[in-house]
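Engineer: Pasting protein25.cif here (mmCIF, N, CA and C atoms):
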```
data_entry
#
loop_
_atom_site.label_atom_id
_atom_site.label_comp_id
_atom_site.auth_asym_id
_atom_site.auth_seq_id
_atom_site.Cartn_x
_atom_site.Cartn_y
_atom_site.Cartn_z
N ALA A 1 -24.52 -66.84 -14.34
CA ALA A 1 -23.75 -67.26 -13.18
C ALA A 1 -23.29 -68.71 -13.34
N GLU A 2 -24.16 -69.56 -13.86
CA GLU A 2 -23.79 -70.97 -14.03
C GLU A 2 -22.63 -71.12 -15.02
N TYR A 3 -22.67 -70.35 -16.10
CA TYR A 3 -21.59 -70.40 -17.10
C TYR A 3 -20.27 -69.99 -16.45
N VAL A 4 -20.26 -68.92 -15.70
CA VAL A 4 -19.03 -68.43 -15.07
C VAL A 4 -18.51 -69.44 -14.05
N ASP A 5 -19.39 -70.06 -13.29
CA ASP A 5 -18.97 -71.09 -12.33
C ASP A 5 -18.36 -72.29 -13.05
N THR A 6 -19.00 -72.73 -14.12
CA THR A 6 -18.47 -73.87 -14.88
C THR A 6 -17.14 -73.51 -15.51
N LEU A 7 -17.02 -72.32 -16.03
CA LEU A 7 -15.76 -71.85 -16.62
C LEU A 7 -14.64 -71.89 -15.58
N ARG A 8 -14.91 -71.42 -14.38
CA ARG A 8 -13.92 -71.42 -13.30
C ARG A 8 -13.47 -72.83 -12.96
N VAL A 9 -14.42 -73.74 -12.81
CA VAL A 9 -14.10 -75.12 -12.45
C VAL A 9 -13.28 -75.80 -13.55
N GLU A 10 -13.68 -75.60 -14.79
CA GLU A 10 -12.95 -76.23 -15.90
C GLU A 10 -11.55 -75.66 -16.03
N ARG A 11 -11.39 -74.36 -15.82
CA ARG A 11 -10.05 -73.77 -15.85
C ARG A 11 -9.18 -74.35 -14.76
N LEU A 12 -9.74 -74.49 -13.57
CA LEU A 12 -8.97 -75.08 -12.46
C LEU A 12 -8.54 -76.51 -12.79
N GLY A 13 -9.45 -77.29 -13.35
CA GLY A 13 -9.13 -78.67 -13.71
C GLY A 13 -8.07 -78.75 -14.78
N TYR A 14 -8.19 -77.93 -15.79
CA TYR A 14 -7.23 -77.92 -16.89
C TYR A 14 -5.85 -77.54 -16.36
N ALA A 15 -5.79 -76.49 -15.57
CA ALA A 15 -4.51 -76.05 -15.00
C ALA A 15 -3.91 -77.13 -14.11
N TRP A 16 -4.74 -77.80 -13.34
CA TRP A 16 -4.25 -78.88 -12.47
C TRP A 16 -3.57 -79.97 -13.29
N VAL A 17 -4.23 -80.41 -14.36
CA VAL A 17 -3.66 -81.45 -15.22
C VAL A 17 -2.35 -80.97 -15.84
N MET A 18 -2.33 -79.74 -16.30
CA MET A 18 -1.12 -79.23 -16.93
C MET A 18 0.04 -79.15 -15.95
N ARG A 19 -0.25 -78.88 -14.67
CA ARG A 19 0.81 -78.87 -13.65
C ARG A 19 1.25 -80.28 -13.29
N HIS A 20 0.29 -81.15 -13.00
CA HIS A 20 0.61 -82.47 -12.46
C HIS A 20 0.99 -83.50 -13.51
N HIS A 21 0.53 -83.34 -14.71
CA HIS A 21 0.86 -84.30 -15.77
C HIS A 21 1.74 -83.68 -16.85
N GLY A 22 1.71 -82.37 -16.94
CA GLY A 22 2.48 -81.70 -17.99
C GLY A 22 3.72 -80.98 -17.50
N GLY A 23 3.91 -80.96 -16.18
CA GLY A 23 5.10 -80.34 -15.62
C GLY A 23 5.14 -78.82 -15.77
N ARG A 24 3.99 -78.19 -15.99
CA ARG A 24 3.96 -76.75 -16.15
C ARG A 24 4.09 -76.06 -14.80
N THR A 25 4.62 -74.86 -14.81
CA THR A 25 4.59 -74.04 -13.60
C THR A 25 3.15 -73.63 -13.36
N PRO A 26 2.83 -73.25 -12.12
CA PRO A 26 1.45 -72.80 -11.87
C PRO A 26 1.04 -71.63 -12.77
N GLU A 27 1.96 -70.71 -13.00
CA GLU A 27 1.64 -69.55 -13.84
C GLU A 27 1.37 -69.96 -15.28
N ARG A 28 2.22 -70.82 -15.81
CA ARG A 28 2.03 -71.25 -17.20
C ARG A 28 0.77 -72.11 -17.33
N ALA A 29 0.52 -72.98 -16.37
CA ALA A 29 -0.67 -73.82 -16.40
C ALA A 29 -1.93 -72.96 -16.40
N TRP A 30 -1.94 -71.91 -15.56
CA TRP A 30 -3.11 -71.05 -15.51
C TRP A 30 -3.27 -70.27 -16.81
N ALA A 31 -2.17 -69.79 -17.37
CA ALA A 31 -2.23 -69.07 -18.65
C ALA A 31 -2.80 -69.97 -19.75
N GLU A 32 -2.38 -71.23 -19.77
CA GLU A 32 -2.90 -72.17 -20.77
C GLU A 32 -4.39 -72.44 -20.54
N ALA A 33 -4.80 -72.51 -19.29
CA ALA A 33 -6.21 -72.73 -18.97
C ALA A 33 -7.05 -71.54 -19.44
N LEU A 34 -6.55 -70.34 -19.23
CA LEU A 34 -7.27 -69.15 -19.68
C LEU A 34 -7.37 -69.11 -21.20
N GLU A 35 -6.31 -69.56 -21.86
CA GLU A 35 -6.31 -69.58 -23.33
C GLU A 35 -7.28 -70.63 -23.86
N HIS A 36 -7.29 -71.79 -23.21
CA HIS A 36 -8.17 -72.87 -23.67
C HIS A 36 -9.63 -72.59 -23.35
N TYR A 37 -9.87 -71.91 -22.25
CA TYR A 37 -11.23 -71.59 -21.79
C TYR A 37 -11.43 -70.08 -21.71
N PRO A 38 -11.46 -69.39 -22.84
CA PRO A 38 -11.70 -67.94 -22.79
C PRO A 38 -13.16 -67.67 -22.40
N TYR A 39 -13.38 -66.52 -21.81
CA TYR A 39 -14.74 -66.12 -21.50
C TYR A 39 -15.44 -65.79 -22.81
N GLU A 40 -16.62 -66.34 -22.99
CA GLU A 40 -17.43 -66.07 -24.18
C GLU A 40 -18.68 -65.31 -23.72
N PRO A 41 -18.87 -64.10 -24.22
CA PRO A 41 -20.03 -63.32 -23.78
C PRO A 41 -21.35 -63.97 -24.17
N PRO A 42 -22.41 -63.63 -23.45
CA PRO A 42 -23.73 -64.14 -23.83
C PRO A 42 -24.03 -63.79 -25.29
N GLY A 43 -24.66 -64.72 -25.97
CA GLY A 43 -25.00 -64.52 -27.38
C GLY A 43 -23.95 -65.05 -28.33
N THR A 44 -22.78 -65.46 -27.80
CA THR A 44 -21.75 -66.04 -28.64
C THR A 44 -22.26 -67.39 -29.16
N PRO A 45 -22.19 -67.62 -30.50
CA PRO A 45 -22.64 -68.92 -31.02
C PRO A 45 -21.87 -70.07 -30.37
N CYS A 46 -22.58 -71.07 -29.98
CA CYS A 46 -21.99 -72.28 -29.37
C CYS A 46 -21.25 -71.97 -28.08
N ARG A 47 -21.69 -70.96 -27.35
CA ARG A 47 -21.06 -70.57 -26.09
C ARG A 47 -20.97 -71.78 -25.17
N GLY A 48 -19.79 -72.02 -24.67
CA GLY A 48 -19.58 -73.11 -23.72
C GLY A 48 -19.52 -74.49 -24.33
N LEU A 49 -19.42 -74.58 -25.63
CA LEU A 49 -19.37 -75.90 -26.28
C LEU A 49 -18.21 -76.74 -25.75
N VAL A 50 -17.13 -76.08 -25.36
CA VAL A 50 -15.97 -76.79 -24.83
C VAL A 50 -16.32 -77.59 -23.58
N PHE A 51 -17.42 -77.25 -22.92
CA PHE A 51 -17.82 -77.96 -21.71
C PHE A 51 -18.38 -79.36 -21.99
N HIS A 52 -18.56 -79.71 -23.26
CA HIS A 52 -19.14 -81.03 -23.53
C HIS A 52 -18.19 -82.16 -23.17
N ASP A 53 -16.90 -81.86 -23.00
CA ASP A 53 -15.95 -82.83 -22.46
C ASP A 53 -15.26 -82.18 -21.27
N GLU A 54 -14.88 -83.01 -20.34
CA GLU A 54 -14.24 -82.54 -19.11
C GLU A 54 -12.86 -81.96 -19.39
N ALA A 55 -12.43 -81.05 -18.53
CA ALA A 55 -11.10 -80.43 -18.67
C ALA A 55 -10.00 -81.49 -18.72
N TRP A 56 -10.17 -82.57 -17.98
CA TRP A 56 -9.19 -83.67 -18.00
C TRP A 56 -8.93 -84.10 -19.44
N HIS A 57 -9.99 -84.32 -20.18
CA HIS A 57 -9.89 -84.79 -21.57
C HIS A 57 -9.15 -83.77 -22.44
N TRP A 58 -9.55 -82.50 -22.37
CA TRP A 58 -8.92 -81.48 -23.20
C TRP A 58 -7.44 -81.33 -22.87
N ALA A 59 -7.11 -81.38 -21.59
CA ALA A 59 -5.70 -81.25 -21.20
C ALA A 59 -4.89 -82.46 -21.68
N MET A 60 -5.46 -83.65 -21.56
CA MET A 60 -4.75 -84.84 -22.03
C MET A 60 -4.56 -84.81 -23.54
N LEU A 61 -5.55 -84.30 -24.27
CA LEU A 61 -5.37 -84.13 -25.72
C LEU A 61 -4.21 -83.20 -26.02
N THR A 62 -4.12 -82.12 -25.27
CA THR A 62 -3.03 -81.17 -25.46
C THR A 62 -1.68 -81.83 -25.16
N LEU A 63 -1.62 -82.59 -24.08
CA LEU A 63 -0.36 -83.19 -23.66
C LEU A 63 0.05 -84.41 -24.49
N HIS A 64 -0.92 -85.25 -24.84
CA HIS A 64 -0.59 -86.54 -25.44
C HIS A 64 -1.18 -86.78 -26.83
N GLY A 65 -2.04 -85.88 -27.28
CA GLY A 65 -2.59 -86.01 -28.62
C GLY A 65 -3.81 -86.92 -28.70
N HIS A 66 -4.40 -86.93 -29.90
CA HIS A 66 -5.59 -87.73 -30.15
C HIS A 66 -5.28 -89.21 -29.94
N GLY A 67 -6.18 -89.90 -29.30
CA GLY A 67 -5.99 -91.32 -29.03
C GLY A 67 -5.18 -91.60 -27.79
N TYR A 68 -4.94 -90.58 -26.97
CA TYR A 68 -4.17 -90.80 -25.74
C TYR A 68 -4.76 -91.93 -24.91
N TRP A 69 -6.08 -92.07 -24.92
CA TRP A 69 -6.78 -93.08 -24.13
C TRP A 69 -6.47 -94.49 -24.60
N GLN A 70 -6.04 -94.64 -25.86
CA GLN A 70 -5.67 -95.96 -26.37
C GLN A 70 -4.21 -96.27 -26.04
N GLU A 71 -3.36 -95.28 -26.20
CA GLU A 71 -1.93 -95.48 -25.93
C GLU A 71 -1.62 -95.44 -24.44
N ARG A 72 -2.44 -94.76 -23.68
CA ARG A 72 -2.25 -94.62 -22.24
C ARG A 72 -3.58 -94.89 -21.53
N PRO A 73 -4.01 -96.14 -21.48
CA PRO A 73 -5.33 -96.46 -20.91
C PRO A 73 -5.51 -95.97 -19.47
N ALA A 74 -4.44 -95.85 -18.72
CA ALA A 74 -4.55 -95.38 -17.33
C ALA A 74 -5.04 -93.94 -17.26
N LEU A 75 -4.91 -93.20 -18.37
CA LEU A 75 -5.33 -91.80 -18.40
C LEU A 75 -6.73 -91.62 -18.97
N ARG A 76 -7.38 -92.71 -19.32
CA ARG A 76 -8.72 -92.64 -19.91
C ARG A 76 -9.70 -91.93 -18.99
N GLU A 77 -9.64 -92.22 -17.72
CA GLU A 77 -10.54 -91.61 -16.73
C GLU A 77 -9.74 -90.69 -15.83
N PRO A 78 -10.37 -89.61 -15.37
CA PRO A 78 -9.68 -88.72 -14.46
C PRO A 78 -9.23 -89.44 -13.18
N SER A 79 -8.09 -89.02 -12.69
CA SER A 79 -7.56 -89.63 -11.46
C SER A 79 -8.38 -89.18 -10.25
N ALA A 80 -8.23 -89.91 -9.15
CA ALA A 80 -8.93 -89.55 -7.91
C ALA A 80 -8.46 -88.18 -7.43
N GLU A 81 -7.19 -87.89 -7.60
CA GLU A 81 -6.65 -86.58 -7.19
C GLU A 81 -7.30 -85.45 -7.98
N TYR A 82 -7.46 -85.65 -9.28
CA TYR A 82 -8.12 -84.66 -10.12
C TYR A 82 -9.57 -84.46 -9.67
N CYS A 83 -10.26 -85.55 -9.45
CA CYS A 83 -11.67 -85.47 -9.04
C CYS A 83 -11.83 -84.76 -7.69
N ALA A 84 -10.81 -84.81 -6.86
CA ALA A 84 -10.87 -84.19 -5.53
C ALA A 84 -10.70 -82.67 -5.57
N ILE A 85 -10.24 -82.12 -6.68
CA ILE A 85 -9.97 -80.68 -6.71
C ILE A 85 -11.24 -79.85 -6.72
N GLU A 86 -12.34 -80.41 -7.15
CA GLU A 86 -13.59 -79.64 -7.18
C GLU A 86 -14.08 -79.48 -5.79
#
```
Take the structure in the file and write it out as structure tokens.
Structural biologist:
Amino acid sequence: AEYVDTLRVERLGYAWVMRHHGGRTPERAWAEALEHYPYEPPGTPCRGLVFHDEAWHWAMLTLHGHGYWQERPALREPSAEYCAIE
């Protein structure tokens, strides 16, 4: 249950970033979130490893590439709006 709850929250966060920072439609943002955070059945090696960084980080990597935090320091930390979605 904890894995599924975390998966849901991370998908929501990723989709939010893709809509608000990436200009994606809600449908496309959700599709990208599902692709980035697929359900991994119990027993899958390294299940949930993607959770070691917040969805904000993964979405910013997708949008701006490695080192986005150096080129865009304002994006280093999640925005207040992003933090409010949980």
Engineer: Could you state which residues are captured by the PyMOL selection byres ((chain A and resi 85) around 8) in this file, as a VMD selection string?
Structural biologist: chain A and resid 9 12 to 13 80 to 84 86
Engineer: Using Å and a single decimal, report how far atom C of Glu2 of chain A sits from atom CA of Gly65 of chain A.
Structural biologist: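 We find that atom CA of Gly65 of chain A and atom C of Glu2 of chain A lie 28.4 Å from each other.
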Engineer: Record the distance separating atom N of Ser79 of chain A and atom N of Tyr39 of chain A, expressed in Å with one decimal.
Structural biologist: 24.8 Å
Engineer: For a test of reading the model, state the distance in Å between atom C of Pro42 of chain A and atom N of Glu10 of chain A, rounded to one decimal.
Structural biologist: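 Atom N of Glu10 of chain A lies 18.9 Å from atom C of Pro42 of chain A.
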Engineer: Counting only C-alpha atoms, I want the residues whose atoms come within 7 Å of (-7.9, -73.6, -19.5) in the file frame, returned as a PyMOL selection string.
Structural biologist: chain A and resi 10-11+14-15+30+32-37
Engineer: Skip Glu77 of chain A itself and residues of its chain fewer than 4 positions away, then list as a ChimeraX atom specification all residues within 8 Å of it, counting all atoms listed in the file.
Structural biologist: /A:56-57,69,72-73
Engineer: Tell me which residues the PyMOL selection byres (((chain A and resi 60 and name CA) around 10) and name CA) grabs here, as a PDB file with N, CA and C atoms, in the coordinates of the input.
Structural biologist:
```pdb
ATOM      1  N   TYR A  14      -8.190 -77.930 -15.790  1.00  0.00           N
ATOM      2  CA  TYR A  14      -7.230 -77.920 -16.890  1.00  0.00           C
ATOM      3  C   TYR A  14      -5.850 -77.540 -16.360  1.00  0.00           C
ATOM      4  N   VAL A  17      -4.230 -80.410 -14.360  1.00  0.00           N
ATOM      5  CA  VAL A  17      -3.660 -81.450 -15.220  1.00  0.00           C
ATOM      6  C   VAL A  17      -2.350 -80.970 -15.840  1.00  0.00           C
ATOM      7  N   MET A  18      -2.330 -79.740 -16.300  1.00  0.00           N
ATOM      8  CA  MET A  18      -1.120 -79.230 -16.930  1.00  0.00           C
ATOM      9  C   MET A  18       0.040 -79.150 -15.950  1.00  0.00           C
ATOM     10  N   HIS A  21       0.530 -83.340 -14.710  1.00  0.00           N
ATOM     11  CA  HIS A  21       0.860 -84.300 -15.770  1.00  0.00           C
ATOM     12  C   HIS A  21       1.740 -83.680 -16.850  1.00  0.00           C
ATOM     13  N   GLY A  22       1.710 -82.370 -16.940  1.00  0.00           N
ATOM     14  CA  GLY A  22       2.480 -81.700 -17.990  1.00  0.00           C
ATOM     15  C   GLY A  22       3.720 -80.980 -17.500  1.00  0.00           C
ATOM     16  N   ALA A  55     -12.430 -81.050 -18.530  1.00  0.00           N
ATOM     17  CA  ALA A  55     -11.100 -80.430 -18.670  1.00  0.00           C
ATOM     18  C   ALA A  55     -10.000 -81.490 -18.720  1.00  0.00           C
ATOM     19  N   TRP A  56     -10.170 -82.570 -17.980  1.00  0.00           N
ATOM     20  CA  TRP A  56      -9.190 -83.670 -18.000  1.00  0.00           C
ATOM     21  C   TRP A  56      -8.930 -84.100 -19.440  1.00  0.00           C
ATOM     22  N   HIS A  57      -9.990 -84.320 -20.180  1.00  0.00           N
ATOM     23  CA  HIS A  57      -9.890 -84.790 -21.570  1.00  0.00           C
ATOM     24  C   HIS A  57      -9.150 -83.770 -22.440  1.00  0.00           C
ATOM     25  N   TRP A  58      -9.550 -82.500 -22.370  1.00  0.00           N
ATOM     26  CA  TRP A  58      -8.920 -81.480 -23.200  1.00  0.00           C
ATOM     27  C   TRP A  58      -7.440 -81.330 -22.870  1.00  0.00           C
ATOM     28  N   ALA A  59      -7.110 -81.380 -21.590  1.00  0.00           N
ATOM     29  CA  ALA A  59      -5.700 -81.250 -21.200  1.00  0.00           C
ATOM     30  C   ALA A  59      -4.890 -82.460 -21.680  1.00  0.00           C
ATOM     31  N   LEU A  61      -5.550 -84.300 -24.270  1.00  0.00           N
ATOM     32  CA  LEU A  61      -5.370 -84.130 -25.720  1.00  0.00           C
ATOM     33  C   LEU A  61      -4.210 -83.200 -26.020  1.00  0.00           C
ATOM     34  N   THR A  62      -4.120 -82.120 -25.270  1.00  0.00           N
ATOM     35  CA  THR A  62      -3.030 -81.170 -25.460  1.00  0.00           C
ATOM     36  C   THR A  62      -1.680 -81.830 -25.160  1.00  0.00           C
ATOM     37  N   LEU A  63      -1.620 -82.590 -24.080  1.00  0.00           N
ATOM     38  CA  LEU A  63      -0.360 -83.190 -23.660  1.00  0.00           C
ATOM     39  C   LEU A  63       0.050 -84.410 -24.490  1.00  0.00           C
ATOM     40  N   HIS A  64      -0.920 -85.250 -24.840  1.00  0.00           N
ATOM     41  CA  HIS A  64      -0.590 -86.540 -25.440  1.00  0.00           C
ATOM     42  C   HIS A  64      -1.180 -86.780 -26.830  1.00  0.00           C
ATOM     43  N   GLY A  65      -2.040 -85.880 -27.280  1.00  0.00           N
ATOM     44  CA  GLY A  65      -2.590 -86.010 -28.620  1.00  0.00           C
ATOM     45  C   GLY A  65      -3.810 -86.920 -28.700  1.00  0.00           C
ATOM     46  N   HIS A  66      -4.400 -86.930 -29.900  1.00  0.00           N
ATOM     47  CA  HIS A  66      -5.590 -87.730 -30.150  1.00  0.00           C
ATOM     48  C   HIS A  66      -5.280 -89.210 -29.940  1.00  0.00           C
ATOM     49  N   GLY A  67      -6.180 -89.900 -29.300  1.00  0.00           N
ATOM     50  CA  GLY A  67      -5.990 -91.320 -29.030  1.00  0.00           C
ATOM     51  C   GLY A  67      -5.180 -91.600 -27.790  1.00  0.00           C
ATOM     52  N   TYR A  68      -4.940 -90.580 -26.970  1.00  0.00           N
ATOM     53  CA  TYR A  68      -4.170 -90.800 -25.740  1.00  0.00           C
ATOM     54  C   TYR A  68      -4.760 -91.930 -24.910  1.00  0.00           C
ATOM     55  N   TRP A  69      -6.080 -92.070 -24.920  1.00  0.00           N
ATOM     56  CA  TRP A  69      -6.780 -93.080 -24.130  1.00  0.00           C
ATOM     57  C   TRP A  69      -6.470 -94.490 -24.600  1.00  0.00           C
ATOM     58  N   LEU A  75      -4.910 -93.200 -18.370  1.00  0.00           N
ATOM     59  CA  LEU A  75      -5.330 -91.800 -18.400  1.00  0.00           C
ATOM     60  C   LEU A  75      -6.730 -91.620 -18.970  1.00  0.00           C
ATOM     61  N   ARG A  76      -7.380 -92.710 -19.320  1.00  0.00           N
ATOM     62  CA  ARG A  76      -8.720 -92.640 -19.910  1.00  0.00           C
ATOM     63  C   ARG A  76      -9.700 -91.930 -18.990  1.00  0.00           C
ATOM     64  N   PRO A  78     -10.370 -89.610 -15.370  1.00  0.00           N
ATOM     65  CA  PRO A  78      -9.680 -88.720 -14.460  1.00  0.00           C
ATOM     66  C   PRO A  78      -9.230 -89.440 -13.180  1.00  0.00           C
TER      67      PRO A  78
END
```
